[in-house]
Amino acid sequence: MSIMKNTLLITALLALLSGCAATQQNGSPTDTDATASNASAPLPNDYPTRDRVDYVLECVAKHGGLNYINQYACGCKIDKIAEQLSFAEYESARTFVQMQKTPGENGAPFRDPQQSKDLRAKLKAAEANAEQQCFVK
């Protein structure tokens with residue numbers, strides 16, 4: 001039963017994410033166009049599918065398991081985060097968040113630099129904003 005649920009989840013996630021890829025192919029600006037017009041604006045579809053799926057799976061597990069509402073809301077959440085952070089910022093922030101838990105001096109390079117603090121705060125704010133927009137309370 002669990003394997004069937006996982007298969008259905010992965011199939012649904014890939015179908016959801018294929019819509020994102022189709023949007024980019026059918027008219028959203030290319031990386032070159034976006035760079036020429038505004039270098040600081042993140043592209044909502046520059047996140048690799050694997051990272052989007054990983055985020056959605058973690059989010060679904062965090063919100064009580066697989067159901068349509070959680071799946072849809074978690075897909076929405078990563079889309080909203082992608083609107084606020086470039087993939088490079090997101091990836092760096094996630095690394096800092098995960099590695100800041102390293103104890104002692106080994107964790108200091110991930111906890112103490114201002115860049116780490118800024119990116120962690122930016123990710124936290126983006127996640128809070130996305131949570132508020134995507135989940136019905």
# chains A, B, ... in the order shown; residues from 1 in each chain; ligands from 1
$ residues_around --residues "Tyr55 of chain A" --least-positions-apart "2" --cutoff "12 Å" --atoms "only C-alpha atoms" --output "list in words"
Leu13, Tyr47, Pro48, Thr49, Arg50, Asp51, Arg52, Val53, Leu57, Glu58, Cys59, Val60, Ala61, Lys62, Gln71, Ala73, Cys74, Gly75, Cys76, Lys77, Ile78, Asp79, Ile81, Ala82, Tyr90, Glu91, Arg94 and Glu127 of chain A
$ atom_distance --atom1 "atom CA of Gly65 of chain A" --atom2 "atom CA of Ala128 of chain A"
19.7 Å
$ atom_distance --atom1 "atom CA of Val136 of chain A" --atom2 "atom CA of Ala121 of chain A"
23.7 Å
$ residues_around --residues "Ala93 of chain A" --least-positions-apart "5" --cutoff "12 Å" --atoms "only C-alpha atoms" --output "PyMOL selection string"
chain A and resi 81+85-88+98-100+110-111+114-127
$ write_last_selection --atoms "C-alpha atoms" --output "PDB file, in the first residue's frame"
ATOM      1  CA  ILE A  81       9.685  30.725  -2.518  1.00  0.00           C
ATOM      2  CA  LEU A  85      14.789  33.757  -4.001  1.00  0.00           C
ATOM      3  CA  SER A  86      16.995  32.721  -6.887  1.00  0.00           C
ATOM      4  CA  PHE A  87      17.984  29.071  -6.867  1.00  0.00           C
ATOM      5  CA  ALA A  88      21.545  29.998  -5.861  1.00  0.00           C
ATOM      6  CA  GLN A  98      21.343  22.340   7.589  1.00  0.00           C
ATOM      7  CA  MET A  99      24.993  22.883   8.461  1.00  0.00           C
ATOM      8  CA  GLN A 100      24.466  25.441  11.239  1.00  0.00           C
ATOM      9  CA  PHE A 110      27.909  28.085   8.729  1.00  0.00           C
ATOM     10  CA  ARG A 111      26.445  29.909  11.745  1.00  0.00           C
ATOM     11  CA  GLN A 114      26.744  37.680   8.074  1.00  0.00           C
ATOM     12  CA  GLN A 115      25.997  36.088   4.690  1.00  0.00           C
ATOM     13  CA  SER A 116      24.744  32.973   6.499  1.00  0.00           C
ATOM     14  CA  LYS A 117      22.547  34.998   8.832  1.00  0.00           C
ATOM     15  CA  ASP A 118      21.127  37.075   5.977  1.00  0.00           C
ATOM     16  CA  LEU A 119      20.341  34.104   3.735  1.00  0.00           C
ATOM     17  CA  ARG A 120      18.807  32.089   6.576  1.00  0.00           C
ATOM     18  CA  ALA A 121      16.615  35.052   7.504  1.00  0.00           C
ATOM     19  CA  LYS A 122      15.621  35.595   3.865  1.00  0.00           C
ATOM     20  CA  LEU A 123      14.665  31.916   3.463  1.00  0.00           C
ATOM     21  CA  LYS A 124      12.742  31.937   6.735  1.00  0.00           C
ATOM     22  CA  ALA A 125      10.795  35.037   5.668  1.00  0.00           C
ATOM     23  CA  ALA A 126      10.094  33.577   2.212  1.00  0.00           C
ATOM     24  CA  GLU A 127       8.877  30.302   3.753  1.00  0.00           C
TER      25      GLU A 127
END
$ atom_distance --atom1 "atom CA of Pro113 of chain A" --atom2 "atom CA of Val56 of chain A"
28.8 Å
$ select_by_dssp --residues "segment 70-131 of chain A" --states "alpha helix (DSSP H)" --output "short mmCIF file (atom, residue, chain, number, x, y, z; two decimals) with N, CA and C atoms, in the first residue's frame"
data_model
loop_
_atom_site.label_atom_id
_atom_site.label_comp_id
_atom_site.auth_asym_id
_atom_site.auth_seq_id
_atom_site.Cartn_x
_atom_site.Cartn_y
_atom_site.Cartn_z
N ASN A 70 -2.37 18.94 1.03
CA ASN A 70 -0.97 19.14 1.37
C ASN A 70 -0.08 19.17 0.13
N GLN A 71 -0.35 18.26 -0.79
CA GLN A 71 0.44 18.21 -2.01
C GLN A 71 0.32 19.51 -2.79
N TYR A 72 -0.89 19.98 -2.96
CA TYR A 72 -1.12 21.22 -3.71
C TYR A 72 -0.49 22.41 -2.99
N ALA A 73 -0.71 22.50 -1.68
CA ALA A 73 -0.20 23.64 -0.91
C ALA A 73 1.33 23.65 -0.89
N CYS A 74 1.94 22.48 -0.78
CA CYS A 74 3.40 22.40 -0.77
C CYS A 74 3.99 22.75 -2.13
N GLY A 75 3.31 22.36 -3.21
CA GLY A 75 3.74 22.77 -4.55
C GLY A 75 3.64 24.27 -4.71
N CYS A 76 2.57 24.83 -4.18
CA CYS A 76 2.39 26.29 -4.19
C CYS A 76 3.51 26.96 -3.40
N LYS A 77 3.84 26.38 -2.26
CA LYS A 77 4.83 26.98 -1.37
C LYS A 77 6.20 27.10 -2.04
N ILE A 78 6.65 26.05 -2.71
CA ILE A 78 7.96 26.13 -3.36
C ILE A 78 7.91 27.12 -4.53
N ASP A 79 6.76 27.23 -5.19
CA ASP A 79 6.63 28.22 -6.26
C ASP A 79 6.75 29.64 -5.71
N LYS A 80 6.12 29.89 -4.56
CA LYS A 80 6.19 31.22 -3.94
C LYS A 80 7.61 31.53 -3.45
N ILE A 81 8.29 30.53 -2.94
CA ILE A 81 9.69 30.73 -2.52
C ILE A 81 10.55 31.04 -3.73
N ALA A 82 10.30 30.35 -4.84
CA ALA A 82 11.07 30.57 -6.07
C ALA A 82 10.86 31.98 -6.63
N GLU A 83 9.72 32.57 -6.34
CA GLU A 83 9.47 33.95 -6.78
C GLU A 83 10.29 34.95 -5.98
N GLN A 84 10.71 34.56 -4.77
CA GLN A 84 11.40 35.49 -3.88
C GLN A 84 12.91 35.28 -3.80
N PHE A 87 17.61 30.42 -7.30
CA PHE A 87 17.98 29.07 -6.87
C PHE A 87 19.31 29.09 -6.12
N ALA A 88 20.24 29.92 -6.55
CA ALA A 88 21.54 30.00 -5.86
C ALA A 88 21.36 30.45 -4.41
N GLU A 89 20.50 31.45 -4.19
CA GLU A 89 20.24 31.91 -2.82
C GLU A 89 19.56 30.81 -2.00
N TYR A 90 18.56 30.16 -2.61
CA TYR A 90 17.83 29.10 -1.94
C TYR A 90 18.77 27.96 -1.54
N GLU A 91 19.60 27.53 -2.48
CA GLU A 91 20.52 26.42 -2.23
C GLU A 91 21.52 26.78 -1.13
N SER A 92 22.05 28.00 -1.16
CA SER A 92 22.99 28.43 -0.13
C SER A 92 22.31 28.52 1.23
N ALA A 93 21.11 29.08 1.25
CA ALA A 93 20.38 29.22 2.50
C ALA A 93 20.06 27.85 3.11
N ARG A 94 19.62 26.91 2.27
CA ARG A 94 19.32 25.55 2.77
C ARG A 94 20.58 24.90 3.33
N THR A 95 21.71 25.11 2.67
CA THR A 95 22.98 24.55 3.15
C THR A 95 23.33 25.15 4.50
N PHE A 96 23.21 26.48 4.62
CA PHE A 96 23.50 27.13 5.89
C PHE A 96 22.57 26.64 7.00
N VAL A 97 21.29 26.47 6.70
CA VAL A 97 20.33 26.00 7.69
C VAL A 97 20.70 24.60 8.16
N GLN A 98 21.02 23.72 7.22
CA GLN A 98 21.34 22.34 7.59
C GLN A 98 22.68 22.24 8.33
N MET A 99 23.66 23.01 7.89
CA MET A 99 24.99 22.88 8.46
C MET A 99 25.19 23.71 9.73
N ALA A 108 30.86 26.77 13.07
CA ALA A 108 30.98 28.24 13.07
C ALA A 108 30.94 28.87 11.68
N PRO A 109 31.62 28.30 10.67
CA PRO A 109 31.56 28.92 9.34
C PRO A 109 30.15 28.95 8.74
N PHE A 110 29.28 28.11 9.24
CA PHE A 110 27.91 28.08 8.73
C PHE A 110 26.96 28.92 9.58
N ARG A 111 27.30 29.16 10.83
CA ARG A 111 26.44 29.91 11.75
C ARG A 111 26.79 31.39 11.81
N GLN A 114 27.92 36.86 8.34
CA GLN A 114 26.74 37.68 8.07
C GLN A 114 25.96 37.14 6.88
N GLN A 115 26.67 36.65 5.86
CA GLN A 115 26.00 36.09 4.69
C GLN A 115 25.08 34.94 5.11
N SER A 116 25.55 34.09 6.01
CA SER A 116 24.74 32.97 6.50
C SER A 116 23.50 33.48 7.21
N LYS A 117 23.69 34.44 8.08
CA LYS A 117 22.55 35.00 8.83
C LYS A 117 21.54 35.65 7.90
N ASP A 118 22.02 36.39 6.92
CA ASP A 118 21.13 37.08 5.98
C ASP A 118 20.34 36.08 5.12
N LEU A 119 21.03 35.08 4.58
CA LEU A 119 20.34 34.10 3.73
C LEU A 119 19.36 33.24 4.53
N ARG A 120 19.73 32.86 5.74
CA ARG A 120 18.81 32.09 6.58
C ARG A 120 17.57 32.91 6.91
N ALA A 121 17.76 34.18 7.21
CA ALA A 121 16.62 35.05 7.50
C ALA A 121 15.74 35.26 6.27
N LYS A 122 16.37 35.41 5.11
CA LYS A 122 15.62 35.59 3.86
C LYS A 122 14.80 34.34 3.53
N LEU A 123 15.39 33.16 3.71
CA LEU A 123 14.67 31.92 3.46
C LEU A 123 13.52 31.75 4.46
N LYS A 124 13.78 32.05 5.71
CA LYS A 124 12.74 31.94 6.74
C LYS A 124 11.57 32.86 6.43
N ALA A 125 11.86 34.08 6.02
CA ALA A 125 10.80 35.04 5.67
C ALA A 125 10.03 34.57 4.43
N ALA A 126 10.75 34.06 3.43
CA ALA A 126 10.09 33.58 2.21
C ALA A 126 9.20 32.38 2.52
N GLU A 127 9.68 31.47 3.38
CA GLU A 127 8.88 30.30 3.75
C GLU A 127 7.64 30.71 4.55
N ALA A 128 7.79 31.67 5.45
CA ALA A 128 6.64 32.13 6.25
C ALA A 128 5.60 32.79 5.34
N ASN A 129 6.06 33.61 4.41
CA ASN A 129 5.16 34.28 3.48
C ASN A 129 4.44 33.25 2.60
N ALA A 130 5.20 32.28 2.11
CA ALA A 130 4.61 31.23 1.25
C ALA A 130 3.62 30.38 2.03
N GLU A 131 3.95 30.06 3.26
CA GLU A 131 3.06 29.27 4.12
C GLU A 131 1.73 30.00 4.31
#
